[in-house]
>>> print(open('model.tsv').read())   # TSV, C-alpha atoms and all ligand atoms
chain	number	residue	atom	x	y	z
A	1	MET	CA	135.83	155.01	46.64
A	2	LYS	CA	132.09	154.86	47.30
A	3	ILE	CA	130.03	152.12	48.83
A	4	ASP	CA	128.45	151.45	45.43
A	5	ASN	CA	131.86	150.42	44.08
A	6	PHE	CA	131.50	147.26	46.10
A	7	ASN	CA	129.14	144.68	44.80
A	8	LEU	CA	127.53	144.36	48.24
A	9	ASN	CA	124.28	142.60	48.83
A	10	SER	CA	121.60	145.01	50.01
A	11	SER	CA	121.58	143.97	53.68
A	12	VAL	CA	125.35	144.50	54.12
A	13	LYS	CA	125.11	147.81	52.32
A	14	GLU	CA	122.22	149.04	54.47
A	15	THR	CA	123.96	147.93	57.65
A	16	LEU	CA	127.09	149.89	56.75
A	17	LEU	CA	125.16	152.96	55.69
A	18	SER	CA	123.31	153.02	58.99
A	19	TYR	CA	126.56	152.71	60.99
A	20	SER	CA	128.11	155.43	58.92
A	21	ALA	CA	125.12	157.79	59.19
A	22	ASP	CA	125.30	157.70	63.00
A	23	SER	CA	129.08	157.29	63.06
A	24	LEU	CA	128.43	154.42	65.43
A	25	PHE	CA	130.22	151.21	64.56
A	26	PRO	CA	130.38	147.90	66.37
A	27	GLN	CA	133.84	147.47	67.88
A	28	THR	CA	134.30	144.07	66.27
A	29	MET	CA	133.23	143.18	62.76
A	30	LEU	CA	134.01	140.10	60.72
A	31	ILE	CA	133.94	140.18	56.92
A	32	GLU	CA	133.45	136.74	55.41
A	33	GLY	CA	132.92	135.37	51.92
A	34	ALA	CA	133.95	136.46	48.41
A	35	ASP	CA	137.75	136.46	47.93
A	36	THR	CA	140.76	137.73	49.87
A	37	GLU	CA	141.11	140.92	47.85
A	38	LYS	CA	137.46	141.86	48.20
A	39	ARG	CA	137.54	141.27	51.95
A	40	THR	CA	140.63	143.43	52.44
A	41	GLU	CA	139.27	146.14	50.19
A	42	LEU	CA	136.02	146.29	52.14
A	43	ALA	CA	137.87	146.26	55.48
A	44	ARG	CA	139.92	149.28	54.34
A	45	PHE	CA	136.79	151.01	53.16
A	46	ILE	CA	135.09	150.50	56.54
A	47	ALA	CA	138.23	151.70	58.35
A	48	ASN	CA	137.99	154.86	56.24
A	49	LEU	CA	134.29	155.24	57.12
A	50	ILE	CA	135.15	154.95	60.81
A	51	LEU	CA	137.91	157.58	60.63
A	52	CYS	CA	136.48	160.12	58.16
A	53	THR	CA	135.80	163.38	59.99
A	54	SER	CA	133.27	164.81	57.55
A	55	ASP	CA	129.78	165.41	58.86
A	56	ARG	CA	128.38	164.81	55.40
A	57	GLU	CA	128.50	161.72	53.23
A	58	LYS	CA	131.38	159.45	54.22
A	59	PRO	CA	134.03	158.77	53.19
A	60	CYS	CA	134.36	162.37	51.99
A	61	GLY	CA	137.66	161.71	50.25
A	62	VAL	CA	139.04	165.14	51.16
A	63	CYS	CA	139.58	165.20	54.91
A	64	SER	CA	143.04	164.40	56.20
A	65	ALA	CA	141.92	160.99	57.48
A	66	CYS	CA	140.47	160.07	54.08
A	67	ILE	CA	143.58	161.17	52.21
A	68	LYS	CA	145.80	159.12	54.50
A	69	CYS	CA	143.49	156.11	54.26
A	70	LYS	CA	143.60	156.30	50.49
A	71	ALA	CA	147.40	156.32	50.58
A	72	LEU	CA	147.33	153.41	53.06
A	73	SER	CA	149.34	155.60	55.41
A	74	ASN	CA	146.85	156.49	58.10
A	75	PRO	CA	148.67	155.90	61.40
A	76	ASP	CA	145.36	155.02	63.04
A	77	VAL	CA	144.84	152.04	60.76
A	78	ARG	CA	146.94	148.98	61.50
A	79	GLU	CA	146.95	145.91	59.32
A	80	TYR	CA	147.97	142.47	60.45
A	81	GLY	CA	147.84	139.05	58.84
A	82	GLU	CA	148.90	137.88	55.43
A	83	GLU	CA	146.73	137.42	52.42
A	84	LYS	CA	148.70	134.66	50.73
A	85	ALA	CA	147.34	131.14	50.85
A	86	GLY	CA	148.80	128.88	53.48
A	87	ALA	CA	150.07	131.76	55.67
A	88	VAL	CA	150.11	131.14	59.40
A	89	PHE	CA	148.78	133.77	61.75
A	90	LYS	CA	151.05	133.44	64.74
A	91	VAL	CA	149.98	133.71	68.34
A	92	ASP	CA	152.80	136.25	68.81
A	93	THR	CA	151.13	138.54	66.26
A	94	ALA	CA	147.87	138.31	68.20
A	95	ARG	CA	149.78	139.24	71.37
A	96	GLU	CA	151.43	142.15	69.58
A	97	ILE	CA	148.00	143.46	68.58
A	98	ARG	CA	146.84	143.10	72.16
A	99	SER	CA	149.59	145.25	73.58
A	100	ASP	CA	149.37	147.82	70.78
A	101	ALA	CA	145.62	148.13	71.30
A	102	PHE	CA	146.11	150.05	74.54
A	103	VAL	CA	148.19	152.77	72.89
A	104	ILE	CA	146.02	155.82	72.23
A	105	PRO	CA	145.33	156.87	68.61
A	106	ASN	CA	147.65	159.24	66.73
A	107	ASP	CA	145.58	161.66	64.65
A	108	SER	CA	142.07	160.71	65.42
A	109	ASP	CA	140.08	159.71	68.47
A	110	ARG	CA	139.70	156.23	66.99
A	111	LYS	CA	141.99	153.46	65.86
A	112	VAL	CA	141.17	150.61	63.49
A	113	TYR	CA	142.79	147.19	63.38
A	114	ILE	CA	142.37	145.27	60.15
A	115	ILE	CA	143.12	141.68	60.96
A	116	LYS	CA	143.32	139.78	57.73
A	117	GLU	CA	142.52	136.18	56.94
A	118	THR	CA	141.84	135.04	60.48
A	119	GLN	CA	141.10	131.52	59.23
A	120	ASN	CA	144.90	131.22	59.41
A	121	MET	CA	144.81	131.63	63.19
A	122	ASN	CA	144.92	128.53	65.30
A	123	ASP	CA	142.90	128.31	68.52
A	124	ALA	CA	145.78	129.71	70.60
A	125	ALA	CA	146.01	132.82	68.41
A	126	GLN	CA	142.23	133.23	68.42
A	127	ASN	CA	142.17	132.97	72.19
A	128	ALA	CA	144.88	135.62	72.45
A	129	MET	CA	142.76	137.87	70.20
A	130	LEU	CA	139.68	137.12	72.24
A	131	LYS	CA	141.23	138.66	75.32
A	132	ILE	CA	141.36	142.05	73.64
A	133	LEU	CA	138.01	141.69	71.86
A	134	GLU	CA	136.32	140.99	75.17
A	135	GLU	CA	137.15	144.35	76.67
A	136	PRO	CA	138.70	146.63	74.08
A	137	PRO	CA	139.61	150.23	74.89
A	138	HIS	CA	136.73	152.48	73.75
A	139	PHE	CA	138.79	153.94	70.89
A	140	ASP	CA	139.59	150.61	69.21
A	141	TYR	CA	137.76	149.00	66.29
A	142	PHE	CA	138.60	145.56	64.98
A	143	ILE	CA	137.76	144.44	61.47
A	144	LEU	CA	138.54	140.78	60.96
A	145	THR	CA	138.40	139.05	57.61
A	146	ALA	CA	138.02	135.33	57.01
A	147	ASP	CA	136.98	133.06	54.17
A	148	SER	CA	134.13	131.83	56.34
A	149	ARG	CA	132.84	132.46	59.84
A	150	GLY	CA	133.04	128.67	60.30
A	151	ALA	CA	136.79	129.10	60.86
A	152	MET	CA	136.26	131.22	63.97
A	153	LEU	CA	135.73	130.21	67.57
A	154	ASP	CA	132.17	130.77	68.82
A	155	THR	CA	133.54	133.00	71.55
A	156	ILE	CA	134.92	135.38	68.92
A	157	LEU	CA	131.83	135.16	66.73
A	158	SER	CA	129.57	136.06	69.62
A	159	ARG	CA	131.41	139.39	69.87
A	160	ALA	CA	131.46	140.23	66.18
A	161	VAL	CA	128.95	141.63	63.75
A	162	VAL	CA	129.37	139.42	60.68
A	163	LEU	CA	129.20	141.05	57.27
A	164	SER	CA	128.81	138.41	54.58
A	165	LEU	CA	129.98	139.23	51.11
A	166	GLY	CA	128.81	135.98	49.57
A	167	GLU	CA	128.16	135.43	45.94
A	168	ALA	CA	125.89	137.84	44.17
A	169	VAL	CA	122.39	136.38	44.26
A	170	PRO	CA	121.60	135.09	40.79
A	171	SER	CA	118.74	136.90	39.29
A	172	PHE	CA	116.42	134.97	37.02
A	173	SER	CA	114.39	136.35	34.15
A	174	ASP	CA	110.71	137.11	34.78
A	175	GLY	CA	109.63	134.38	32.36
A	176	VAL	CA	111.63	131.72	34.20
A	177	LYS	CA	110.49	132.96	37.59
A	178	SER	CA	106.84	132.77	36.62
A	179	CYS	CA	107.38	129.30	35.15
A	180	CYS	CA	108.89	128.15	38.48
A	181	LYS	CA	106.05	129.72	40.42
A	182	GLU	CA	103.52	127.90	38.29
A	183	LEU	CA	105.40	124.64	38.80
A	184	ALA	CA	105.41	125.17	42.58
A	185	VAL	CA	101.63	125.66	42.59
A	186	ALA	CA	101.15	122.56	40.42
A	187	LEU	CA	103.37	120.44	42.67
A	188	CYS	CA	101.51	121.60	45.77
A	189	LYS	CA	98.22	120.68	44.10
A	190	ARG	CA	99.75	117.32	43.13
A	191	SER	CA	98.24	117.74	39.73
A	192	ARG	CA	99.81	115.95	36.76
A	193	PHE	CA	97.93	118.14	34.38
A	194	ALA	CA	99.08	121.35	36.09
A	195	VAL	CA	102.72	120.15	36.14
A	196	THR	CA	102.57	119.56	32.39
A	197	GLU	CA	101.01	122.98	31.90
A	198	ALA	CA	103.70	124.62	34.03
A	199	LEU	CA	106.44	123.00	31.97
A	200	ALA	CA	104.92	124.14	28.66
A	201	ALA	CA	107.23	127.16	28.38
A	202	VAL	CA	110.28	124.96	28.94
A	203	TYR	CA	109.06	122.36	26.44
A	204	ASN	CA	108.93	125.03	23.79
A	205	ASP	CA	112.11	126.92	24.60
A	206	LYS	CA	115.28	124.92	25.09
A	207	GLN	CA	117.25	128.16	25.67
A	208	ILE	CA	115.73	128.73	29.08
A	209	PHE	CA	116.11	125.17	30.38
A	210	GLU	CA	119.31	125.69	32.36
A	211	GLU	CA	118.06	128.86	33.98
A	212	PHE	CA	114.80	127.11	34.77
A	213	CYS	CA	116.73	124.27	36.45
A	214	ASP	CA	118.82	126.71	38.53
A	215	CYS	CA	115.73	128.61	39.61
A	216	THR	CA	113.79	125.44	40.48
A	217	GLU	CA	116.74	123.93	42.38
A	218	GLU	CA	117.10	127.13	44.40
A	219	MET	CA	113.39	127.09	45.18
A	220	LEU	CA	113.45	123.45	46.33
A	221	VAL	CA	116.59	123.97	48.43
A	222	GLY	CA	114.91	127.00	50.03
A	223	ALA	CA	111.84	124.89	50.86
A	224	LEU	CA	114.00	122.11	52.33
A	225	ARG	CA	116.03	124.55	54.41
A	226	LEU	CA	112.87	126.17	55.69
A	227	LYS	CA	111.51	122.79	56.74
A	228	LYS	CA	114.73	121.69	58.42
A	229	THR	CA	115.86	124.87	60.14
A	230	GLY	CA	112.90	127.22	60.02
A	231	ALA	CA	115.29	129.78	58.48
A	232	ALA	CA	112.95	132.10	56.61
A	233	ASP	CA	115.47	134.69	55.42
A	234	GLY	CA	115.39	135.17	51.69
A	235	VAL	CA	112.65	132.60	51.33
A	236	THR	CA	110.07	133.22	48.61
A	237	PRO	CA	106.31	132.56	48.99
A	238	GLU	CA	106.77	129.55	46.66
A	239	CYS	CA	109.32	128.01	49.03
A	240	GLU	CA	106.93	128.49	51.92
A	241	ARG	CA	104.10	126.94	49.98
A	242	LEU	CA	106.22	123.93	48.98
A	243	ALA	CA	107.49	123.49	52.54
A	244	LEU	CA	103.92	123.46	53.82
A	245	SER	CA	102.45	121.13	51.23
A	246	LEU	CA	105.19	118.54	50.70
A	247	ASP	CA	107.27	116.38	53.00
A	248	ASP	CA	111.08	116.16	53.11
A	249	ASP	CA	111.26	113.03	50.96
A	250	GLU	CA	109.08	114.49	48.27
A	251	LEU	CA	111.15	117.67	48.16
A	252	TYR	CA	114.37	115.63	47.92
A	253	ARG	CA	112.98	113.51	45.10
A	254	LEU	CA	111.89	116.63	43.21
A	255	PHE	CA	115.31	118.16	43.70
A	256	GLU	CA	117.00	114.98	42.46
A	257	ALA	CA	114.74	114.89	39.40
A	258	VAL	CA	115.64	118.44	38.41
A	259	LYS	CA	119.32	118.00	39.25
A	260	GLN	CA	119.59	114.88	37.13
A	261	ALA	CA	117.82	116.44	34.16
A	262	HIS	CA	120.08	119.45	34.52
A	263	SER	CA	123.25	117.36	34.38
A	264	GLN	CA	121.96	115.27	31.47
A	265	PHE	CA	121.19	118.48	29.61
A	266	LYS	CA	124.81	119.55	30.08
A	267	GLN	CA	125.85	116.23	28.56
A	268	ASN	CA	123.74	117.00	25.50
A	269	ALA	CA	121.02	114.42	26.03
A	270	ASN	CA	118.16	114.41	23.57
A	271	TYR	CA	116.08	117.34	24.77
A	272	ASN	CA	112.62	115.97	23.99
A	273	ILE	CA	113.27	112.71	25.77
A	274	LEU	CA	114.95	114.51	28.62
A	275	ILE	CA	112.11	116.86	29.37
A	276	THR	CA	109.53	114.09	29.14
A	277	TYR	CA	111.59	111.98	31.51
A	278	MET	CA	111.90	114.92	33.89
A	279	SER	CA	108.12	115.44	34.00
A	280	VAL	CA	107.60	111.75	34.70
A	281	ARG	CA	110.08	111.93	37.58
A	282	LEU	CA	108.46	115.07	38.94
A	283	TRP	CA	105.06	113.38	38.96
A	284	GLY	CA	106.57	110.29	40.50
A	285	ALA	CA	108.10	112.33	43.32
A	286	ILE	CA	104.77	113.54	44.59
A	287	GLU	CA	102.49	110.57	43.98
B	1	ZN	ZN	136.82	162.15	55.06
>>> encode(input="model.tsv", output="structure tokens")
Amino acid sequence: MKIDNFNLNSSVKETLLSYSADSLFPQTMLIEGADTEKRTELARFIANLILCTSDREKPCGVCSACIKCKALSNPDVREYGEEKAGAVFKVDTAREIRSDAFVIPNDSDRKVYIIKETQNMNDAAQNAMLKILEEPPHFDYFILTADSRGAMLDTILSRAVVLSLGEAVPSFSDGVKSCCKELAVALCKRSRFAVTEALAAVYNDKQIFEEFCDCTEEMLVGALRLKKTGAADGVTPECERLALSLDDDELYRLFEAVKQAHSQFKQNANYNILITYMSVRLWGAIE
């Protein structure tokens, strides 16, 4: 198993590669997003990275630690928590982990706890876990998985490096991206003529309409989020430009206009009428 077998977004991948290169890992990590299987698979992969004894590319796949990890029989990897929906993570299990954590590793000089689906822990169980996460023995590493970090207490989150799996970022075709860019410029200029010009490609090619809607919605949501939270991660220059030039209401109205056209398209509305109506609503949003 190599890191490229996981469909990781580039920031998670780079983070893991840098930990692995220095063989320095945070003692608590939380994997969120994607689905249960993916989270567990990645947790096992990271456990293998932590324990692999090769001084070359890890996991080497041939050292004793790697072979045991692959067979899920490495005594220095412990797994707790159930993957099935509706499972309850009991406070007793958290206590069991706590007392086990002080036992020194078997084969290696490190020990990894994979604690699965921690969204199933109630506050009492999380608090029991917290006690060990606060001051873990130097040889312990904890990899928690959860559907979302939102399920975890802030006190746990503040001790964990969160690795988000998330959905793969949709990638739009160059033609659609340039069409969206042009539309952003036109909207910022508040020019009816430029908006019409920007939509020309969509007028002439019904095939790209849905992709165009997705791309434009993402751009407007990015601009709104930037305005509201100042969160600039993953924000394109078009989002920044829109956030600077338009106010919240205008951005909302634009978003609504695209969203509505998008849903009418899915219901097979007459395309020519639909696109004309959408342009009128786009103009209306910024006048
Ligand atoms: Zn190895």
>>> residues_near_ligand(input="model.tsv", ligand="ligand ZN 1 (chain B)", cutoff="6 Å", atoms="only C-alpha atoms and all ligand atoms", output="number ranges by chain")
A: 52-54, 59-63, 65-66
>>> closest_residue(input="model.tsv", among="A:Arg44, A:Asn120, A:Leu72, A:Tyr271", to="Tyr203 of chain A", atoms="all atoms listed in the file")
A:Tyr271
>>> residues_around(input="model.tsv", residues="segment 159-165 of chain A", least_positions_apart="6", cutoff="8 Å", atoms="only C-alpha atoms", output="ChimeraX atom specification")
/A:8-9,12,26-34,39,133-134,149
>>> atom_distance(input="model.tsv", atom1="atom CA of Met129 of chain A", atom2="atom CA of Lys13 of chain A")
27.0 Å
>>> residues_near_point(input="model.tsv", point="(148.1, 160.9, 66.3)", cutoff="12 Å", atoms="only C-alpha atoms", output="list of chain:residue names")
A:Ser64, A:Ala65, A:Asn74, A:Pro75, A:Asp76, A:Val77, A:Val103, A:Ile104, A:Pro105, A:Asn106, A:Asp107, A:Ser108, A:Asp109, A:Arg110, A:Lys111
>>> atom_distance(input="model.tsv", atom1="atom CA of Arg56 of chain A", atom2="atom CA of Asp4 of chain A")
16.7 Å
>>> residues_around(input="model.tsv", residues="Thr40 of chain A", least_positions_apart="3", cutoff="9 Å", atoms="only C-alpha atoms", output="PyMOL selection string")
chain A and resi 31+35-37+43-45+83+114+116-117+145
>>> residues_around(input="model.tsv", residues="Ile115 of chain A", least_positions_apart="6", cutoff="8 Å", atoms="all atoms listed in the file", output="number ranges by chain")
A: 79-81, 142-145
>>> atom_distance(input="model.tsv", atom1="atom CA of Asp248 of chain A", atom2="atom CA of Gly150 of chain A")
26.3 Å
>>> residues_around(input="model.tsv", residues="Cys215 of chain A", least_positions_apart="5", cutoff="9 Å", atoms="only C-alpha atoms", output="list in words")
Pro170, Ser171, Phe172, Val176, Lys177, Cys180, Glu210 and Leu220 of chain A
>>> residues_around(input="model.tsv", residues="Leu254 of chain A", least_positions_apart="2", cutoff="6 Å", atoms="all atoms listed in the file", output="list in words")
Leu251, Tyr252, Glu256, Ala257, Leu282 and Ala285 of chain A
>>> closest_residue(input="model.tsv", among="A:Leu42, A:Lys68, A:Ala201, A:Lys206", to="Asn272 of chain A", atoms="all atoms listed in the file")
A:Lys206
>>> axis_aligned_box(input="model.tsv", around="segment 29-39 of chain A", padding_each_side="8 Å", output="AutoDock Vina command-line options")
--center_x 137.0 --center_y 139.3 --center_z 55.3 --size_x 24.2 --size_y 23.8 --size_z 30.9
